[in-house]
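Okay, run-v4.tsv is below, TSV, C-alpha atoms:
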```tsv
chain	number	residue	atom	x	y	z
A	237	MET	CA	74.96	66.17	90.43
A	238	GLN	CA	78.23	66.27	92.25
A	239	GLU	CA	79.23	69.56	93.93
A	240	LEU	CA	82.29	71.10	92.37
A	241	PRO	CA	84.94	72.14	94.89
A	242	SER	CA	85.30	75.85	95.47
A	243	PRO	CA	88.41	77.47	94.03
A	244	LEU	CA	90.03	77.77	97.41
A	245	GLU	CA	89.47	74.13	98.31
A	246	ARG	CA	91.10	73.13	95.08
A	247	ALA	CA	94.09	75.13	96.17
A	248	ASP	CA	97.09	72.99	96.76
A	249	GLU	CA	95.99	69.58	95.60
A	250	GLU	CA	95.66	69.81	91.86
A	251	ALA	CA	95.99	73.34	90.57
A	252	PRO	CA	99.48	74.21	89.45
A	253	ALA	CA	100.80	77.31	91.15
A	254	VAL	CA	101.23	79.28	87.96
A	255	ASP	CA	100.27	78.98	84.35
A	256	GLU	CA	101.03	75.60	82.86
A	257	THR	CA	102.34	76.85	79.54
A	258	ASP	CA	105.38	75.25	78.01
A	259	PRO	CA	108.47	76.63	79.82
A	260	LYS	CA	110.44	76.78	76.58
A	261	MET	CA	107.73	78.90	74.98
A	262	SER	CA	107.68	81.14	78.05
A	263	PHE	CA	111.43	81.64	77.81
A	264	LEU	CA	111.11	82.53	74.13
A	265	SER	CA	108.24	84.87	74.94
A	266	TYR	CA	110.26	86.73	77.59
A	267	THR	CA	113.28	86.97	75.29
A	268	ALA	CA	111.20	88.19	72.35
A	269	GLY	CA	109.60	90.74	74.68
A	270	LEU	CA	113.03	91.92	75.80
A	271	VAL	CA	114.24	92.32	72.21
A	272	PHE	CA	111.09	94.21	71.15
A	273	ALA	CA	111.25	96.43	74.24
A	274	LEU	CA	114.93	97.24	73.58
A	275	LEU	CA	114.18	98.10	69.95
A	276	LEU	CA	111.26	100.34	70.93
A	277	THR	CA	113.26	102.03	73.70
A	278	GLY	CA	116.09	102.69	71.26
A	279	ALA	CA	113.59	104.05	68.75
A	280	SER	CA	112.09	106.41	71.36
A	281	PHE	CA	115.49	107.81	72.28
A	282	PHE	CA	116.38	108.13	68.59
A	283	VAL	CA	113.11	109.93	67.79
A	284	ALA	CA	113.58	112.32	70.72
A	285	ARG	CA	117.17	113.21	69.83
A	286	SER	CA	117.33	112.96	66.08
A	287	PRO	CA	117.33	116.14	64.00
A	288	LEU	CA	115.95	114.10	61.09
A	289	ILE	CA	112.38	114.15	62.37
A	290	TRP	CA	109.98	117.02	61.91
A	291	SER	CA	109.89	118.37	65.44
A	292	PRO	CA	106.12	118.99	65.87
A	293	GLY	CA	105.62	115.30	65.07
A	294	VAL	CA	107.99	114.07	67.76
A	295	PRO	CA	105.49	113.97	70.70
A	296	VAL	CA	103.07	111.91	68.64
A	297	GLY	CA	105.86	109.56	67.62
A	298	LEU	CA	107.01	109.18	71.21
A	299	ALA	CA	103.46	108.50	72.40
A	300	VAL	CA	102.97	105.82	69.74
A	301	LEU	CA	106.29	104.15	70.62
A	302	ALA	CA	105.47	104.23	74.35
A	303	ILE	CA	102.04	102.69	73.81
A	304	ALA	CA	103.57	100.04	71.55
A	305	GLN	CA	106.13	99.20	74.23
A	306	MET	CA	103.42	98.93	76.89
A	307	GLY	CA	101.61	96.53	74.57
A	308	VAL	CA	104.80	94.47	74.23
A	309	HIS	CA	105.13	94.31	78.01
A	310	LEU	CA	101.49	93.31	78.47
A	311	VAL	CA	101.65	90.52	75.90
A	312	PHE	CA	105.15	89.11	76.40
A	313	PHE	CA	105.81	89.79	80.10
A	314	LEU	CA	102.35	89.89	81.68
A	315	LYS	CA	101.09	87.22	79.25
A	316	MET	CA	97.88	89.01	78.35
A	317	SER	CA	96.12	87.08	75.64
A	318	THR	CA	92.67	86.60	74.21
A	319	GLY	CA	92.52	83.05	75.58
A	320	PRO	CA	89.42	81.95	77.51
A	321	ASP	CA	91.09	82.08	80.96
A	322	ASN	CA	92.20	85.65	80.26
A	323	THR	CA	88.84	87.26	79.49
A	324	ASN	CA	88.44	88.78	82.95
A	325	ASN	CA	91.96	90.18	82.97
A	326	VAL	CA	91.50	91.79	79.57
A	327	LEU	CA	88.12	93.26	80.51
A	328	ALA	CA	89.58	94.73	83.70
A	329	LEU	CA	92.46	96.15	81.65
A	330	ALA	CA	90.01	97.73	79.20
A	331	PHE	CA	88.12	99.35	82.07
A	332	GLY	CA	91.39	100.59	83.61
A	333	LEU	CA	92.41	102.08	80.27
A	334	LEU	CA	89.07	103.86	80.02
A	335	ILE	CA	89.54	105.47	83.45
A	336	VAL	CA	93.17	106.40	82.75
A	337	THR	CA	92.19	108.00	79.44
A	338	LEU	CA	89.37	109.95	81.08
A	339	VAL	CA	91.57	111.18	83.92
A	340	VAL	CA	94.53	112.23	81.77
A	341	SER	CA	92.78	113.64	78.71
A	342	GLY	CA	90.03	115.22	80.84
A	343	SER	CA	92.56	117.00	83.07
A	344	LEU	CA	94.53	118.28	80.09
A	345	TRP	CA	91.38	119.44	78.31
A	346	ILE	CA	89.92	121.23	81.32
A	347	MET	CA	93.19	122.89	82.28
A	348	ALA	CA	93.85	124.06	78.71
A	349	HIS	CA	90.42	125.72	78.62
A	350	LEU	CA	90.92	127.18	82.06
A	351	ASN	CA	94.22	128.72	81.01
A	352	ALA	CA	92.69	130.08	77.81
A	353	ASN	CA	89.76	131.68	79.64
A	354	MET	CA	91.67	132.95	82.64
A	355	MET	CA	92.25	136.69	82.97
A	356	PRO	CA	96.01	137.42	82.84
A	357	ALA	CA	97.53	137.94	86.30
A	358	SER	CA	98.44	141.56	85.43
A	359	ALA	CA	94.79	142.37	84.67
A	360	ILE	CA	93.71	140.95	88.05
A	361	MET	CA	96.28	143.18	89.76
A	362	GLU	CA	94.91	146.30	88.04
A	363	MET	CA	91.40	145.56	89.32
A	364	HIS	CA	92.44	145.98	92.94
B	949	MET	CA	75.82	74.09	90.15
B	950	SER	CA	73.86	75.85	87.47
B	951	THR	CA	74.33	75.08	83.83
B	952	GLY	CA	76.71	76.99	81.58
B	953	ALA	CA	80.37	77.21	80.84
B	954	ALA	CA	81.37	76.98	84.50
B	955	GLN	CA	79.97	73.46	84.71
B	956	VAL	CA	82.07	72.30	81.79
B	957	ALA	CA	85.30	74.03	82.79
B	958	GLY	CA	84.95	73.80	86.56
B	959	PRO	CA	85.93	76.63	88.86
B	960	ALA	CA	88.98	78.62	87.88
B	961	ALA	CA	92.30	77.46	89.30
B	962	VAL	CA	93.24	79.30	92.46
B	963	SER	CA	96.36	80.66	90.75
B	964	SER	CA	94.13	82.35	88.15
B	965	VAL	CA	91.88	83.80	90.85
B	966	VAL	CA	94.82	85.18	92.85
B	967	ALA	CA	96.44	86.65	89.73
B	968	TYR	CA	93.14	88.24	88.73
B	969	GLY	CA	92.69	89.86	92.14
B	970	PHE	CA	96.22	91.17	92.10
B	971	TRP	CA	95.74	92.44	88.56
B	972	ILE	CA	92.73	94.47	89.78
B	973	PHE	CA	94.98	96.00	92.46
B	974	LEU	CA	97.63	96.82	89.87
B	975	LEU	CA	95.07	98.52	87.65
B	976	SER	CA	93.88	100.63	90.59
B	977	ASP	CA	97.52	101.53	91.24
B	978	ILE	CA	97.93	102.52	87.59
B	979	ILE	CA	94.80	104.70	87.86
B	980	MET	CA	96.33	106.44	90.87
B	981	PHE	CA	99.49	107.05	88.81
B	982	SER	CA	97.35	108.43	85.98
B	983	ALA	CA	96.22	111.27	88.27
B	984	LEU	CA	99.85	112.16	88.96
B	985	PHE	CA	100.68	111.89	85.26
B	986	ALA	CA	97.84	114.29	84.50
B	987	ALA	CA	99.10	116.68	87.19
B	988	TYR	CA	102.62	116.55	85.76
B	989	ALA	CA	101.41	117.07	82.19
B	990	VAL	CA	99.41	120.11	83.29
B	991	LEU	CA	102.14	121.59	85.52
B	992	SER	CA	105.32	120.79	83.59
B	993	GLY	CA	105.43	124.31	82.17
B	994	GLU	CA	104.85	126.09	85.50
B	995	THR	CA	108.46	126.60	86.51
B	996	ALA	CA	107.92	129.86	88.44
B	997	GLY	CA	111.13	131.29	86.99
B	998	GLY	CA	113.08	128.28	88.24
B	999	PRO	CA	114.91	125.58	86.28
B	1000	THR	CA	113.07	124.04	83.34
B	1001	PRO	CA	112.87	120.32	82.51
B	1002	GLY	CA	115.42	120.80	79.73
B	1003	GLN	CA	117.97	122.25	82.16
B	1004	LEU	CA	117.51	119.59	84.86
B	1005	PHE	CA	117.14	116.22	83.18
B	1006	ASP	CA	119.89	114.00	81.87
B	1007	VAL	CA	118.50	111.77	79.13
B	1008	ARG	CA	121.49	109.44	79.26
B	1009	ARG	CA	120.83	108.72	82.93
B	1010	ALA	CA	117.16	108.07	82.17
B	1011	GLY	CA	118.25	105.67	79.44
B	1012	VAL	CA	120.46	103.71	81.84
B	1013	GLU	CA	117.61	103.62	84.38
B	1014	THR	CA	115.29	102.30	81.66
B	1015	LEU	CA	117.71	99.51	80.79
B	1016	CYS	CA	118.13	98.61	84.48
B	1017	LEU	CA	114.38	98.22	84.97
B	1018	LEU	CA	113.88	96.37	81.69
B	1019	PHE	CA	116.58	93.79	82.37
B	1020	SER	CA	115.40	93.51	85.97
B	1021	SER	CA	111.91	92.66	84.69
B	1022	TYR	CA	113.38	90.12	82.29
B	1023	ALA	CA	115.46	88.50	85.05
B	1024	CYS	CA	112.37	88.37	87.26
B	1025	GLY	CA	110.43	86.52	84.55
B	1026	LEU	CA	113.26	84.04	84.01
B	1027	GLY	CA	113.50	83.49	87.77
B	1028	GLU	CA	109.85	82.52	87.88
B	1029	LEU	CA	110.39	80.06	85.03
B	1030	CYS	CA	113.37	78.55	86.88
B	1031	ILE	CA	111.47	77.97	90.10
B	1032	GLN	CA	108.54	76.42	88.24
B	1033	ARG	CA	111.01	73.80	87.05
B	1034	ARG	CA	112.62	73.67	90.54
B	1035	ARG	CA	115.95	74.94	89.24
B	1036	MET	CA	116.96	76.64	92.46
B	1037	VAL	CA	120.43	77.79	91.38
B	1038	GLY	CA	119.06	79.46	88.28
B	1039	PHE	CA	116.28	80.97	90.34
B	1040	HIS	CA	118.70	82.50	92.83
B	1041	VAL	CA	120.92	83.88	90.07
B	1042	CYS	CA	117.89	85.50	88.40
B	1043	VAL	CA	116.60	86.92	91.68
B	1044	ALA	CA	120.04	88.32	92.47
B	1045	ALA	CA	120.10	90.00	89.05
B	1046	THR	CA	116.59	91.38	89.64
B	1047	LEU	CA	117.62	92.81	93.00
B	1048	VAL	CA	120.93	94.28	91.82
B	1049	LEU	CA	119.39	95.94	88.75
B	1050	GLY	CA	116.45	97.26	90.77
B	1051	ALA	CA	118.84	98.65	93.39
B	1052	ALA	CA	120.98	100.22	90.64
B	1053	PHE	CA	117.88	101.93	89.27
B	1054	LEU	CA	117.01	103.20	92.73
B	1055	ALA	CA	120.58	104.43	93.39
B	1056	LEU	CA	120.58	106.38	90.11
B	1057	GLU	CA	117.24	107.94	90.96
B	1058	ILE	CA	118.24	108.89	94.52
B	1059	ASP	CA	121.47	110.38	93.16
B	1060	GLU	CA	119.47	112.41	90.64
B	1061	PHE	CA	117.08	113.67	93.34
B	1062	ALA	CA	119.96	114.58	95.66
B	1063	GLY	CA	121.71	116.45	92.84
B	1064	MET	CA	118.55	118.39	92.03
B	1065	VAL	CA	117.91	119.33	95.66
B	1066	ALA	CA	121.55	120.41	96.01
B	1067	ARG	CA	121.12	122.72	93.00
B	1068	GLY	CA	118.13	124.37	94.67
B	1069	ALA	CA	115.63	122.50	92.50
B	1070	GLY	CA	113.82	120.71	95.31
B	1071	PRO	CA	110.10	119.88	95.35
B	1072	ALA	CA	109.26	123.26	96.92
B	1073	ARG	CA	110.84	125.31	94.09
B	1074	SER	CA	107.94	125.29	91.60
B	1075	ALA	CA	104.72	123.51	90.71
B	1076	PHE	CA	106.61	121.68	87.97
B	1077	LEU	CA	109.12	120.34	90.49
B	1078	SER	CA	106.41	119.39	93.02
B	1079	ALA	CA	104.67	117.37	90.31
B	1080	PHE	CA	107.98	115.86	89.18
B	1081	PHE	CA	109.00	114.71	92.66
B	1082	SER	CA	105.51	113.31	93.41
B	1083	LEU	CA	105.34	111.33	90.19
B	1084	VAL	CA	108.90	110.02	89.95
B	1085	GLY	CA	109.21	109.72	93.73
B	1086	LEU	CA	106.07	107.60	94.00
B	1087	HIS	CA	107.42	105.28	91.31
B	1088	GLY	CA	110.67	105.09	93.28
B	1089	VAL	CA	108.74	104.22	96.45
B	1090	HIS	CA	107.03	101.41	94.54
B	1091	VAL	CA	110.41	100.10	93.38
B	1092	THR	CA	111.68	100.21	96.98
B	1093	ILE	CA	108.65	98.26	98.21
B	1094	GLY	CA	109.14	95.79	95.36
B	1095	LEU	CA	112.77	95.18	96.35
B	1096	LEU	CA	111.80	94.59	100.00
B	1097	TRP	CA	109.01	92.27	98.87
B	1098	LEU	CA	111.45	90.24	96.75
B	1099	VAL	CA	113.85	89.89	99.70
B	1100	PHE	CA	110.94	88.59	101.79
B	1101	MET	CA	110.00	86.15	99.02
B	1102	VAL	CA	113.55	84.76	98.90
B	1103	ALA	CA	113.47	84.29	102.67
B	1104	GLN	CA	110.07	82.62	102.44
B	1105	ILE	CA	111.25	80.23	99.73
B	1106	ALA	CA	114.28	79.39	101.84
B	1107	ALA	CA	112.02	78.67	104.83
B	1108	GLN	CA	109.03	77.02	103.14
B	1109	GLY	CA	110.40	75.62	99.90
B	1110	PRO	CA	108.71	76.16	96.53
B	1111	LYS	CA	105.18	75.34	97.69
B	1112	ALA	CA	102.15	76.33	95.66
B	1113	PHE	CA	101.13	79.25	97.89
B	1114	VAL	CA	104.67	80.64	97.90
B	1115	LEU	CA	104.82	80.42	94.12
B	1116	ARG	CA	101.50	82.27	93.86
B	1117	ARG	CA	102.93	85.10	95.93
B	1118	LEU	CA	106.04	85.12	93.78
B	1119	HIS	CA	103.82	85.35	90.71
B	1120	CYS	CA	102.07	88.38	92.23
B	1121	PHE	CA	105.48	89.97	92.81
B	1122	SER	CA	106.38	89.28	89.20
B	1123	LEU	CA	103.16	90.99	88.01
B	1124	PHE	CA	103.94	93.96	90.28
B	1125	TRP	CA	107.47	94.27	88.91
B	1126	HIS	CA	106.32	94.13	85.27
B	1127	ALA	CA	103.61	96.72	86.00
B	1128	LEU	CA	106.24	99.07	87.49
B	1129	ASP	CA	108.22	98.72	84.27
B	1130	ILE	CA	105.10	99.65	82.27
B	1131	ILE	CA	104.61	102.77	84.42
B	1132	TRP	CA	108.27	103.67	83.89
B	1133	ILE	CA	107.80	103.55	80.09
B	1134	ALA	CA	105.10	106.22	80.33
B	1135	LEU	CA	107.24	108.12	82.82
B	1136	PHE	CA	110.49	108.32	80.84
B	1137	THR	CA	108.59	109.18	77.68
B	1138	LEU	CA	106.57	111.99	79.23
B	1139	VAL	CA	109.08	113.36	81.74
B	1140	TYR	CA	112.51	112.75	80.30
B	1141	LEU	CA	112.19	112.41	76.52
B	1142	MET	CA	109.50	115.04	76.00
B	1143	GLY	CA	110.99	117.27	78.71
B	1144	THR	CA	114.45	117.51	77.18
B	1145	ARG	CA	113.55	118.10	73.56
```

Please re-express this file's structure in structure tokens.
Amino acid sequence: MQELPSPLERADEEAPAVDETDPKMSFLSYTAGLVFALLLTGASFFVARSPLIWSPGVPVGLAVLAIAQMGVHLVFFLKMSTGPDNTNNVLALAFGLLIVTLVVSGSLWIMAHLNANMMPASAIMEMH
Amino acid sequence: MSTGAAQVAGPAAVSSVVAYGFWIFLLSDIIMFSALFAAYAVLSGETAGGPTPGQLFDVRRAGVETLCLLFSSYACGLGELCIQRRRMVGFHVCVAATLVLGAAFLALEIDEFAGMVARGAGPARSAFLSAFFSLVGLHGVHVTIGLLWLVFMVAQIAAQGPKAFVLRRLHCFSLFWHALDIIWIALFTLVYLMGTR
């Protein structure tokens, strides 16, 4: 059977430089992303400043809004989708998220325990 | 070629391969940022008797910076759409907006840093401030590199025209710029909004 050209040989002859989605749809996608991002940003600032919200719940609310806005950016600006040509990108993103979660939550967890188990500085001074 | 899906679909388009490789780089960059985020989250209370986040940060300024980056990202996306359709005037308008908004963001951030250092709240003051300047400063360095990159891309398009390889590079820049905006979302939430409550 005929050899298929390697990706790099295919380079400039046939492959379009960027995704071949409908430009009008892309424009709508960017604009929808902008509107969603503005709404979520406004909501974050409102949640942080408003006296109406039970204050221990504010960090959770802010985290949820931030994650939602990152999702909006990924889908509408970076064009992440579940389409067949996007599988690799999404898998890499999932792996990246796993590492980020491990690094951040692991650091916080370890340091919280360390602080809890640490002898107070005054007690260390008395030992000398 | 062996059997399977690859035979039916053929090899991936080079634009997909380049974007995938650059996406891997961006994820590694985000993982590097996650270490600094973790450091900031751990150290944000360690003020060593110095100024606290609530005393230093101006949420309104952070809000303006957020809007600058968001609209800059949007303009960057529209610019890419314009050049795909060879609308060079629209492209240059969008790129100019991207550059101006990015530079405005950077100016606000440099002004904030200078003001903090002038008040004696430089990176050497406390562990909290060291973590703050590393995290926000590294994001600022990325924005600076992005602006320089975009200037180079404009020069390259002027010299080479909108050829496929130039457009691929521009697409990588666009991914980079959107990723910086994503990092900024985490940053303003953790540093500015949670810090000033």

Review point. If we count all atoms listed in the file, which residues of chain B reach to within 7 Å of chain A? Please list them as number ranges by chain.
Key: B: 949, 958-963, 968, 972, 975, 979, 982-983, 986, 990, 1022, 1025-1026, 1029, 1112, 1115-1116, 1123, 1126, 1130, 1133-1134, 1137, 1141-1142, 1145

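The gap separating CA of Gly1085 in chain B from CA of Thr1000 in chain B is 18.1 Å, in Å to one decimal.
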
Exercise for review: May I have the protein, DNA and RNA residues with any atom at most 12 Å from the point (108.9, 98.1, 93.6), counting all atoms listed in the file, written as a VMD selection string?
Suggested key: chain B and resid 974 1017 1020 to 1021 1046 to 1047 1049 to 1051 1053 to 1054 1085 to 1099 1120 to 1129 1131 to 1132

Point to revise | CA of Arg1117 in chain B to CA of Val1043 in chain B, straight-line distance in Å | key: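 Atom-to-atom, CA of Val1043 in chain B to CA of Arg1117 in chain B, that is 14.4 Å.
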
Point to revise | Two-atom distance - CA of Val1139 in chain B, CA of Leu350 in chain A (Å) | key: 22.8 Å

Around all of range 1047-1066 of chain B's listed atoms, make the axis-aligned box with 8 Å on each side and tell me centre and edge lengths in Å to one decimal, as AutoDock Vina command-line options.
```
--center_x 119.1 --center_y 106.6 --center_z 92.4 --size_x 21.3 --size_y 43.6 --size_z 23.3
```

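Closest approach to Phe1061 in chain B among B:Ser1074, B:Leu1018, B:Pro1110, B:Asp1006: B:Asp1006, based on all atoms listed in the file.
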
Revision key, fill the gap. Closest of A:Ala279, A:Ala352, A:Val300, A:Val271 to Phe312 in chain A, counting only C-alpha atoms, is A:Val271
